[in-house]
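Comments concern the structure below.
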Amino acid sequence: EGRHDAELVEKVWGDDLRVEGVVVEMLDGVDDLAAVIRDFRPEKGRRLGILVDHLVPGTKEARIVEKARALPQARDHVLIVGHPYVDVWQSVRPQRLGMDTWPTIPRSIEWKKGICQHLGWAHDTQADIARAWKQILATVRTYADLEPALLGRVEELIDFVTAE
């Protein structure tokens with residue numbers, strides 16, 4: 001869905017995907033997912049797989065995905081899956097950052113800023129958040145450093161886009 005999602009997928013699966021002719025691209029959110037699908041023009045031999053953050057029933061994301069899945073272009077050649085995490089950061093096993101679990105951040109605090117604050121990292125600017133992501137991403141060595149709820153979804157997308 002976003003930069004961090006794309007960077008994580010690229011880091012863990014990128015080499016294998018390139019061998020299969022699959023490109024990982026970032027979306028700037030899913031607010032206009034239907035337009036993304038129409039612009040891509042999926043067809044036989046040109047499949048589109050989309051990973052969405054926080055795809056749980058009742059969310060804005062779930063409503064957007066439901067409408068996108070209803071598009072005729074999406075019927076056979078598009079797969080949209082999601083993970084339950086507020087952000088893909090949460091799919092990195094917390095032990096990689098020296099935590100037992102990811103902290104619960106109050107809804108009144110922007111989630112990434114709250115995580116940075118919890119970890120004692122700078123969090124005032126977008127540059128601070130970008131540095132924090134780089135620190136988190138640097139802890140990921142293999143898929144084993146990621147939570148199963150993300151692994152299953154990404155593997156499902158890979159199977160779909162590489163199917164004959």
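Going by the structure tokens order, chains are called A, B, ..., each with residues numbered from 1, while ligands are numbered from 1 in the order shown.
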Counting only C-alpha atoms, which residues of segment 36-143 of chain A sit at most 10 Å from some atom of segment 4-13 of chain A, and what is each one's closest atom pair with its distance in Å to one decimal, listed by chain and rising residue number, as a Markdown table?
```
| residue | atom | partner | partner_atom | distance |
| --- | --- | --- | --- | --- |
| A:Leu51 | CA | A:Asp5 | CA | 8.1 |
| A:Val52 | CA | A:Asp5 | CA | 8.8 |
| A:Asp53 | CA | A:Asp5 | CA | 8.4 |
| A:Asp87 | CA | A:Asp5 | CA | 8.5 |
| A:Val88 | CA | A:Asp5 | CA | 5.9 |
| A:Trp89 | CA | A:His4 | CA | 7.7 |
| A:Ser91 | CA | A:Leu8 | CA | 9.7 |
| A:Val92 | CA | A:Leu8 | CA | 9.3 |
| A:Ala130 | CA | A:His4 | CA | 9.1 |
| A:Trp133 | CA | A:His4 | CA | 7.4 |
| A:Lys134 | CA | A:His4 | CA | 9.1 |
| A:Ile136 | CA | A:Leu8 | CA | 9.9 |
| A:Leu137 | CA | A:Leu8 | CA | 6.9 |
| A:Ala138 | CA | A:Lys11 | CA | 9.6 |
| A:Val140 | CA | A:Val12 | CA | 8.0 |
| A:Arg141 | CA | A:Val12 | CA | 7.5 |
| A:Thr142 | CA | A:Val12 | CA | 5.9 |
| A:Tyr143 | CA | A:Val12 | CA | 6.1 |
```
Which neighbours of Arg38 of chain A fall inside 9 Å, counting only C-alpha atoms, when residues of the same chain fewer than 6 positions from it are skipped, and could you give them as a list in words? Leu71, Gln73 and Ala74 of chain A
As a PyMOL selection string, please: every residue in chain A that a backbone DSSP assignment puts in alpha helix (DSSP H). chain A and resi 3-19+33-40+60-69+111-119+126-138+148-162
Atom CA of Trp102 of chain A and atom CA of Gln90 of chain A are how many Å apart? 6.9 Å
Tell me, which residues of segment 6-162 of chain A carry DSSP strand (DSSP E or B), written as number ranges by chain? A: 43, 46, 48-52, 78-82, 92, 146
For the selection you just gave me, I'd like the residues written to a file as a PDB file, in the first residue's frame, keeping N, CA, C and O atoms.
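Full text of selection-v8.pdb as output:
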```
ATOM      1  N   GLU A  43      -5.340  -8.074 -16.994  1.00  0.00           N
ATOM      2  CA  GLU A  43      -5.889  -9.002 -17.989  1.00  0.00           C
ATOM      3  C   GLU A  43      -5.124 -10.309 -17.866  1.00  0.00           C
ATOM      4  O   GLU A  43      -4.183 -10.419 -17.076  1.00  0.00           O
ATOM      5  N   ARG A  46      -1.424 -10.521 -17.016  1.00  0.00           N
ATOM      6  CA  ARG A  46      -1.079  -9.223 -16.407  1.00  0.00           C
ATOM      7  C   ARG A  46      -1.908  -9.078 -15.128  1.00  0.00           C
ATOM      8  O   ARG A  46      -2.912  -8.389 -15.082  1.00  0.00           O
ATOM      9  N   LEU A  48      -2.575  -8.343 -11.024  1.00  0.00           N
ATOM     10  CA  LEU A  48      -2.281  -7.308 -10.040  1.00  0.00           C
ATOM     11  C   LEU A  48      -2.592  -7.845  -8.659  1.00  0.00           C
ATOM     12  O   LEU A  48      -3.694  -8.342  -8.407  1.00  0.00           O
ATOM     13  N   GLY A  49      -1.613  -7.765  -7.769  1.00  0.00           N
ATOM     14  CA  GLY A  49      -1.804  -8.143  -6.378  1.00  0.00           C
ATOM     15  C   GLY A  49      -1.589  -6.920  -5.511  1.00  0.00           C
ATOM     16  O   GLY A  49      -0.618  -6.190  -5.701  1.00  0.00           O
ATOM     17  N   ILE A  50      -2.493  -6.692  -4.577  1.00  0.00           N
ATOM     18  CA  ILE A  50      -2.432  -5.499  -3.738  1.00  0.00           C
ATOM     19  C   ILE A  50      -2.499  -5.912  -2.276  1.00  0.00           C
ATOM     20  O   ILE A  50      -3.386  -6.670  -1.873  1.00  0.00           O
ATOM     21  N   LEU A  51      -1.565  -5.383  -1.486  1.00  0.00           N
ATOM     22  CA  LEU A  51      -1.516  -5.621  -0.041  1.00  0.00           C
ATOM     23  C   LEU A  51      -1.973  -4.351   0.671  1.00  0.00           C
ATOM     24  O   LEU A  51      -1.432  -3.276   0.424  1.00  0.00           O
ATOM     25  N   VAL A  52      -2.955  -4.484   1.548  1.00  0.00           N
ATOM     26  CA  VAL A  52      -3.558  -3.336   2.222  1.00  0.00           C
ATOM     27  C   VAL A  52      -3.334  -3.437   3.736  1.00  0.00           C
ATOM     28  O   VAL A  52      -3.571  -4.485   4.334  1.00  0.00           O
ATOM     29  N   VAL A  78      -7.178  -9.664 -10.446  1.00  0.00           N
ATOM     30  CA  VAL A  78      -6.735  -8.821  -9.331  1.00  0.00           C
ATOM     31  C   VAL A  78      -7.016  -9.558  -8.032  1.00  0.00           C
ATOM     32  O   VAL A  78      -8.092 -10.112  -7.842  1.00  0.00           O
ATOM     33  N   LEU A  79      -6.020  -9.565  -7.156  1.00  0.00           N
ATOM     34  CA  LEU A  79      -6.209 -10.106  -5.813  1.00  0.00           C
ATOM     35  C   LEU A  79      -5.815  -9.020  -4.820  1.00  0.00           C
ATOM     36  O   LEU A  79      -4.705  -8.477  -4.888  1.00  0.00           O
ATOM     37  N   ILE A  80      -6.734  -8.711  -3.943  1.00  0.00           N
ATOM     38  CA  ILE A  80      -6.483  -7.717  -2.899  1.00  0.00           C
ATOM     39  C   ILE A  80      -6.563  -8.450  -1.567  1.00  0.00           C
ATOM     40  O   ILE A  80      -7.583  -9.071  -1.257  1.00  0.00           O
ATOM     41  N   VAL A  81      -5.484  -8.401  -0.820  1.00  0.00           N
ATOM     42  CA  VAL A  81      -5.454  -9.008   0.504  1.00  0.00           C
ATOM     43  C   VAL A  81      -4.941  -7.963   1.485  1.00  0.00           C
ATOM     44  O   VAL A  81      -4.379  -6.945   1.096  1.00  0.00           O
ATOM     45  N   GLY A  82      -5.143  -8.235   2.740  1.00  0.00           N
ATOM     46  CA  GLY A  82      -4.673  -7.296   3.741  1.00  0.00           C
ATOM     47  C   GLY A  82      -4.179  -8.010   4.966  1.00  0.00           C
ATOM     48  O   GLY A  82      -4.362  -9.212   5.130  1.00  0.00           O
ATOM     49  N   VAL A  92       6.709  -6.630  11.745  1.00  0.00           N
ATOM     50  CA  VAL A  92       8.058  -7.021  12.151  1.00  0.00           C
ATOM     51  C   VAL A  92       7.949  -7.559  13.580  1.00  0.00           C
ATOM     52  O   VAL A  92       7.362  -6.918  14.453  1.00  0.00           O
ATOM     53  N   LEU A 146       9.326 -11.752  10.420  1.00  0.00           N
ATOM     54  CA  LEU A 146       8.014 -11.153  10.212  1.00  0.00           C
ATOM     55  C   LEU A 146       6.921 -12.028  10.807  1.00  0.00           C
ATOM     56  O   LEU A 146       7.076 -13.239  10.936  1.00  0.00           O
TER      57      LEU A 146
END
```
Could you tell me which of A:Arg69, A:Pro84, A:Ile64, A:Gln126 comes closest to Glu147 of chain A if we count only C-alpha atoms? A:Pro84
Of A:Ala163, A:Ala62, A:Ala149, A:Ala144, the one sitting nearest Glu20 of chain A when using only C-alpha atoms is A:Ala163
Determine, counting only C-alpha atoms, which protein, DNA and RNA residues have an atom within 9 Å of an atom of Asp145 of chain A; residues of the same chain fewer than 6 positions away are not included. Present the result as a compact mmCIF listing (two decimals) with C-alpha atoms, in the first residue's frame.
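Listed below is the output, selection_3.txt:
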```
# COMPACT_ATOMS: atom_id res chain seq x y z
CA SER A 91 4.41 -7.04 11.10
CA VAL A 92 8.06 -7.02 12.15
CA ARG A 93 8.39 -9.32 15.14
CA PRO A 94 8.74 -7.05 18.19
CA GLN A 95 11.63 -9.15 19.47
CA ARG A 96 13.71 -7.75 16.61
CA THR A 139 16.38 -5.49 11.84
```
Shortest interatomic distance to Lys60 of chain A - which of A:Val154, A:Ile105, A:Val30, A:Leu17, counting only C-alpha atoms: A:Val30
Rounded to one decimal place, report the atom CA of Asp16 of chain A-atom CA of Val161 of chain A distance in Å.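 Those two atoms sit 12.7 Å apart.
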Asp28 of chain A: which residues within 9 Å, counting only C-alpha atoms, same-chain residues fewer than 3 positions away excluded, as a PyMOL selection string? chain A and resi 1-3+31
Among the residues A:Asp124, A:Glu156, A:Asp100, A:Asp76, the one that comes closest to Gly45 of chain A [using only C-alpha atoms]: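 Checking each of A:Asp124, A:Glu156, A:Asp100, A:Asp76 against Gly45 of chain A, counting only C-alpha atoms, the winner is A:Asp76.
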